[in-house]
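Colleague: First the structure, which I've put down as structure tokens, then a few questions once you've had a look.
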Amino acid sequence: MQFRDLHAQYEALKPEIDAGIQAVIDSSAFILGKPVTELENRLAEYVGRKHCVGVANGTDALQLALMIWGIGPGDAVFTSDFTYFASAGTSSILGATPVLVDIDLATFNMSPDALEAQIQRVLAEGILTPRMVIPVDLFGQPADYDRILPIAEKYGLKVLEDGAQGFGGSIRGKMVCSFGDISTTSFFPAKPLGCYGDGGAVFTDDDDVDVRLRSLRAQGKSPVDKYDNREIGMNSRLDTLQAAILLPKLRAFVEHEIDDVNRVAGWYTERLRGRFTTPTVLPGFVSSWAQYTILLENKTVRDEVQKKLKENGIPSMVYYPRGLHQQEAYRWMNLSDVLYPNTIVATQRVLSLPMHPYLKEEEVDRICGVLLDQ
Ligand SMILES: *Cc1c(COP(=O)(O)O)cnc(C)c1O
């Protein structure tokens with residue numbers, strides 16, 4: 001059994017994916033070929049935004065967004081403590097200071113109350129300037145934008161939505177990657193919409209930001225002359241090959257995969273509810289189920305359950321074994337566990353189960369059989 005079965009999806013889409021790859025090779029337009037533009041247009045339409053800019057990966061997407069606002073030394077960038085490293089690391093690369101925020105244990109997403117407390121603490125300290133907040137749509141569920149957006153507005157912070165895991169999710173019909181002033185996603189193979197290598201995208205409704213992003217992903221070039229460099233940029237474009245692979249994958253994603261993963265999540269929850277803490281999806285929210293994550297009683301039980309699954313040939317993962325405040329790279333910030341009680345609990349008790357749109361009900365039965373047989 002696979003944790004995320006990418007091959008089953010390839011088998012289902014093989015003729016279109018193979019034809020797309022061959023067409024790119026035949027065209028020799030490997031950099032910013034037609035499929036990139038076509039994909040950008042479809043992605044923008046799908047999430048309901050004016051512009052989408054394809055970039056090399058989800059990390060660069062975050063960094064480019066931060067560069068748009070000139071984030072740098074002295075700036076405070078608020079993000080979740082319980083996420084993939086890039087949500088914070090990209091601020092550090094630019095010399096800004098990530099300010100880590102504890103989570104809500106029910107959703108694993110940034111706690112709006114903890115966010116406001118951290119903003120007030122930074123303001124009271126008077127050393128850093130609060131500039132922006134990066135909510136993360138963790139495990140597929142949108143962050144609590146109903147509460148986070150008003151807090152950002154109250155303190156004059158820009159919002160950068162890290163939708164790397166949440167792509168395909170929504171709140172009352174409004175799609176992930178439409179909530180931030182700028183939003184980003186990743187097409188890393190195991191993400192909800194993945195390609196066959198690295199890839200990412202940035203979304204905005206602002207025409208000027210769109211123009212600058214297209215410049216910044218290509219060494220800060222002018223729109224008309226590639227050897228006229230106007231500002232310091234990166235080399236970060238989405239490969240034409242990856243765009244060609246993503247086009248049929250996006251169609252399947254929209255047509256049925258989001259429904260399919262939600263059906264799989266339903267099967268799990270039906271069977272596990274009562275015996276385990278199953279994931280909470282807020283009313284009106286739809287998850288794209290990047291992960292299906294349960295909470296066990298404590299670390300000892302979690303580790304035992306993971307071992308038992310493994311003995312039965314069932315892969316599972318601990319996302320994440322430590323909070324960002326516990327990372328060696330951030331030891332210099334000297335952040336106490338006391339500030340992050342929910343992150344600590346999550347790191348000790350979470351377990352993510354196999355999850356993908358091609359998972360069969362019999363497989364869910366087998367996984368749950370092992371889990372329930374304690
Ligand atoms: C994967 C991920 C990223 C980075 O994406 P890459 O394409 O791997 O660079 C950023 N944020 C979150 C929350 C992620 O899960």
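Chain labels run A, B, ... following the order of the structure tokens; each chain numbers its residues from 1, and ligands are numbered from 1 in the order shown.
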If you run DSSP on the backbone here, which positions in stretch 81-270 of chain A get strand (DSSP E)? Please write them as JSON, numbers by chain.

Modeller: {"A": [97, 98, 99, 100, 101, 129, 130, 131, 132, 133, 134, 158, 159, 160, 161, 162, 170, 171, 174, 175, 182, 183, 184, 185, 186, 200, 201, 202, 203, 204]}

Colleague: Enumerate as a ChimeraX atom specification the residues within 6 Å of ligand 1, counting only C-alpha atoms and all ligand atoms.

Modeller: /A:57-59,83-84,86-87,136,162,164-165,186-188,198-200

Colleague: Which of these, A:Gly313, A:Gly169, A:Gly156, A:Pro354, has the shortest distance to A:Val281 once you count only C-alpha atoms?

Modeller: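 Counting only C-alpha atoms, the residue closest to A:Val281 is A:Gly169.
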
Colleague: Using only C-alpha atoms, find the one residue out of A:Tyr227, A:Asp26, A:Val254, A:Gly89 that sits nearest to A:Ala329.

Modeller: A:Gly89

Colleague: Looking at only C-alpha atoms, which of A:Ile93, A:Val209, A:Ile258, A:Val318 is the one that sits closest to A:Lys50?

Modeller: A:Val209

Colleague: Taking into account only C-alpha atoms, which residue in the set A:Tyr196, A:Tyr340, A:Trp332, A:Phe139 is nearest to A:Leu238?

Modeller: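 The answer is A:Tyr196, which sits nearest to A:Leu238.
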
Colleague: Return the single residue from A:Val202, A:Arg263, A:Leu241, A:Pro279 that is closest to A:Gln22, with distances computed using only C-alpha atoms.

Modeller: A:Leu241

Colleague: Mind pulling up the distance from atom CA of A:Trp289 to atom CA of A:Leu39?

Modeller: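 Between these atoms lies a distance of 22.4 Å.
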
Colleague: Write out as a list in words the residues lying within 10 Å of A:Pro341, counting only C-alpha atoms and excluding same-chain residues fewer than 5 positions away.

Modeller: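 So the residues in contact are Asp102, Ile103, Asp104, Leu105, Ser336 and Ala346 of chain A.
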
Colleague: Which of stretch 97-345 of chain A end up as helix (DSSP H, G or I) when DSSP is run on this backbone - answer as a ChimeraX atom specification?

Modeller: /A:112-125,138-140,145-154,207-216,240-272,299-311,324-326,328-333,337-339,341-345

Colleague: When you count only C-alpha atoms, which of these residues is closest to A:Ile134: A:Leu94, A:Glu116, A:Ile31, A:Ile182?

Modeller: A:Ile182

Colleague: Could you make a table, as JSON lines, of the residues of stretch 218-335 of chain A that have an atom within 10 Å of an atom of stretch 368-374 of chain A, each with its nearest atom pair and distance in Å to one decimal, counting only C-alpha atoms, in chain and number order?

Modeller:
{"residue": "A:Trp267", "atom": "CA", "partner": "A:Cys368", "partner_atom": "CA", "distance": 9.5}
{"residue": "A:Tyr268", "atom": "CA", "partner": "A:Cys368", "partner_atom": "CA", "distance": 7.2}
{"residue": "A:Thr269", "atom": "CA", "partner": "A:Cys368", "partner_atom": "CA", "distance": 9.7}
{"residue": "A:Arg271", "atom": "CA", "partner": "A:Cys368", "partner_atom": "CA", "distance": 6.8}
{"residue": "A:Leu272", "atom": "CA", "partner": "A:Cys368", "partner_atom": "CA", "distance": 6.9}
{"residue": "A:Arg275", "atom": "CA", "partner": "A:Leu372", "partner_atom": "CA", "distance": 7.5}
{"residue": "A:Phe276", "atom": "CA", "partner": "A:Leu372", "partner_atom": "CA", "distance": 9.0}
{"residue": "A:Val305", "atom": "CA", "partner": "A:Leu371", "partner_atom": "CA", "distance": 7.1}
{"residue": "A:Gln306", "atom": "CA", "partner": "A:Leu371", "partner_atom": "CA", "distance": 9.2}
{"residue": "A:Lys308", "atom": "CA", "partner": "A:Val370", "partner_atom": "CA", "distance": 7.6}
{"residue": "A:Leu309", "atom": "CA", "partner": "A:Val370", "partner_atom": "CA", "distance": 6.7}
{"residue": "A:Glu311", "atom": "CA", "partner": "A:Val370", "partner_atom": "CA", "distance": 9.9}
{"residue": "A:Asn312", "atom": "CA", "partner": "A:Val370", "partner_atom": "CA", "distance": 7.7}
{"residue": "A:Ile314", "atom": "CA", "partner": "A:Val370", "partner_atom": "CA", "distance": 9.1}

Colleague: Save out the residues we just selected, C-alpha atoms, as a compact mmCIF listing (two decimals), in the first residue's frame.

Modeller:
# COMPACT_ATOMS: atom_id res chain seq x y z
CA TRP A 267 -14.99 6.50 5.00
CA TYR A 268 -12.19 7.02 7.53
CA THR A 269 -14.24 9.24 9.81
CA ARG A 271 -15.07 4.03 10.94
CA LEU A 272 -12.72 5.82 13.35
CA ARG A 275 -12.27 5.59 19.06
CA PHE A 276 -9.89 8.30 17.78
CA VAL A 305 0.04 2.52 16.57
CA GLN A 306 2.44 3.65 13.85
CA LYS A 308 1.61 -1.72 14.31
CA LEU A 309 0.47 -0.18 11.02
CA GLU A 311 4.02 -4.32 10.69
CA ASN A 312 0.85 -4.69 8.63
CA ILE A 314 0.52 0.25 6.05

Colleague: Work out how far apart atom CA of A:Asp260 and atom CA of A:Gly194 are and give it in Å to one decimal.

Modeller: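 Value for the atom CA of A:Asp260-atom CA of A:Gly194 distance: 15.9 Å.
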
Colleague: Excluding A:Thr97 and residues on its chain fewer than 4 positions from it, collect all residues at most 10 Å away from it, counting only C-alpha atoms, and give them as a ChimeraX atom specification.

Modeller: /A:71-78,88-93,128-130,333

Colleague: Write the residues you've just listed into a file as an mmCIF file, in the first residue's frame, and include N, CA and C atoms for each of them.

Modeller:
data_model
loop_
_atom_site.group_PDB
_atom_site.id
_atom_site.type_symbol
_atom_site.label_atom_id
_atom_site.label_comp_id
_atom_site.auth_asym_id
_atom_site.auth_seq_id
_atom_site.Cartn_x
_atom_site.Cartn_y
_atom_site.Cartn_z
ATOM 1 N N ILE A 71 9.871 42.913 1.903
ATOM 2 C CA ILE A 71 10.068 42.434 3.279
ATOM 3 C C ILE A 71 11.553 42.183 3.529
ATOM 4 N N GLY A 72 12.053 42.658 4.668
ATOM 5 C CA GLY A 72 13.484 42.505 4.951
ATOM 6 C C GLY A 72 13.796 42.729 6.416
ATOM 7 N N PRO A 73 15.056 43.053 6.718
ATOM 8 C CA PRO A 73 15.499 43.209 8.113
ATOM 9 C C PRO A 73 14.609 44.178 8.895
ATOM 10 N N GLY A 74 14.287 43.783 10.118
ATOM 11 C CA GLY A 74 13.463 44.633 10.979
ATOM 12 C C GLY A 74 11.972 44.355 10.871
ATOM 13 N N ASP A 75 11.593 43.530 9.880
ATOM 14 C CA ASP A 75 10.167 43.239 9.682
ATOM 15 C C ASP A 75 9.761 41.957 10.412
ATOM 16 N N ALA A 76 8.574 41.991 11.010
ATOM 17 C CA ALA A 76 7.994 40.796 11.630
ATOM 18 C C ALA A 76 6.986 40.185 10.672
ATOM 19 N N VAL A 77 7.169 38.899 10.414
ATOM 20 C CA VAL A 77 6.247 38.157 9.543
ATOM 21 C C VAL A 77 5.645 37.023 10.374
ATOM 22 N N PHE A 78 4.337 37.096 10.609
ATOM 23 C CA PHE A 78 3.673 36.132 11.492
ATOM 24 C C PHE A 78 3.256 34.906 10.695
ATOM 25 N N ALA A 88 8.165 29.732 7.105
ATOM 26 C CA ALA A 88 8.941 30.697 7.900
ATOM 27 C C ALA A 88 10.309 30.972 7.285
ATOM 28 N N GLY A 89 10.925 29.935 6.715
ATOM 29 C CA GLY A 89 12.295 30.057 6.207
ATOM 30 C C GLY A 89 12.450 31.133 5.143
ATOM 31 N N THR A 90 11.394 31.319 4.334
ATOM 32 C CA THR A 90 11.467 32.315 3.268
ATOM 33 C C THR A 90 11.581 33.735 3.825
ATOM 34 N N SER A 91 10.975 34.002 4.979
ATOM 35 C CA SER A 91 11.133 35.322 5.612
ATOM 36 C C SER A 91 12.578 35.488 6.076
ATOM 37 N N SER A 92 13.134 34.416 6.640
ATOM 38 C CA SER A 92 14.503 34.491 7.160
ATOM 39 C C SER A 92 15.508 34.727 6.034
ATOM 40 N N ILE A 93 15.279 34.083 4.879
ATOM 41 C CA ILE A 93 16.194 34.261 3.741
ATOM 42 C C ILE A 93 16.310 35.740 3.377
ATOM 43 N N LEU A 128 10.668 45.053 16.328
ATOM 44 C CA LEU A 128 10.328 44.705 14.943
ATOM 45 C C LEU A 128 9.063 45.445 14.501
ATOM 46 N N THR A 129 8.943 45.627 13.178
ATOM 47 C CA THR A 129 7.729 46.233 12.615
ATOM 48 C C THR A 129 6.822 45.130 12.074
ATOM 49 N N PRO A 130 5.619 44.979 12.621
ATOM 50 C CA PRO A 130 4.704 43.973 12.059
ATOM 51 C C PRO A 130 4.358 44.345 10.621
ATOM 52 N N MET A 333 16.487 32.096 18.416
ATOM 53 C CA MET A 333 15.359 32.924 18.872
ATOM 54 C C MET A 333 14.939 32.569 20.292
#

Colleague: Determine, counting only C-alpha atoms, which protein, DNA and RNA residues have an atom within 12 Å of an atom of A:Leu335; residues of the same chain fewer than 4 positions away are not included. Present the result as number ranges by chain.

Modeller: A: 81, 98-102, 323-331, 339-340

Colleague: I want to know what sits within 6 Å of A:Gln219, based on only C-alpha atoms, with residues of the same chain fewer than 6 positions away left out; could you give that as a list in words?

Modeller: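 In the requested format, the answer is Gly233, Met234 and Asn235 of chain A.
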
Colleague: For the selection just defined, write its residues with N, CA and C atoms to a file, as a tab-separated table (two decimals), in the first residue's frame.

Modeller:
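Written file, out23.tsv:
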chain	number	residue	atom	x	y	z
A	233	GLY	N	16.11	39.99	-9.15
A	233	GLY	CA	15.11	38.93	-9.15
A	233	GLY	C	15.72	37.55	-9.01
A	234	MET	N	14.89	36.54	-9.24
A	234	MET	CA	15.34	35.14	-9.15
A	234	MET	C	15.27	34.52	-10.54
A	235	ASN	N	15.75	33.26	-10.63
A	235	ASN	CA	15.44	32.47	-11.81
A	235	ASN	C	14.46	31.40	-11.36

Colleague: What separation in Å, quoted to one decimal, exists between atom CA of A:Leu43 and atom CA of A:Lys191?

Modeller: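 Computing the Euclidean distance for atom CA of A:Leu43 and atom CA of A:Lys191 yields 15.2 Å.
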
Colleague: Give me, as a list in words, all polymer residues having an atom no more than 7 Å from stretch 298-304 of chain A, counting only C-alpha atoms and skipping those fewer than 4 positions away in the same chain.

Modeller: Lys308, Gln348, Arg349 and Leu351 of chain A
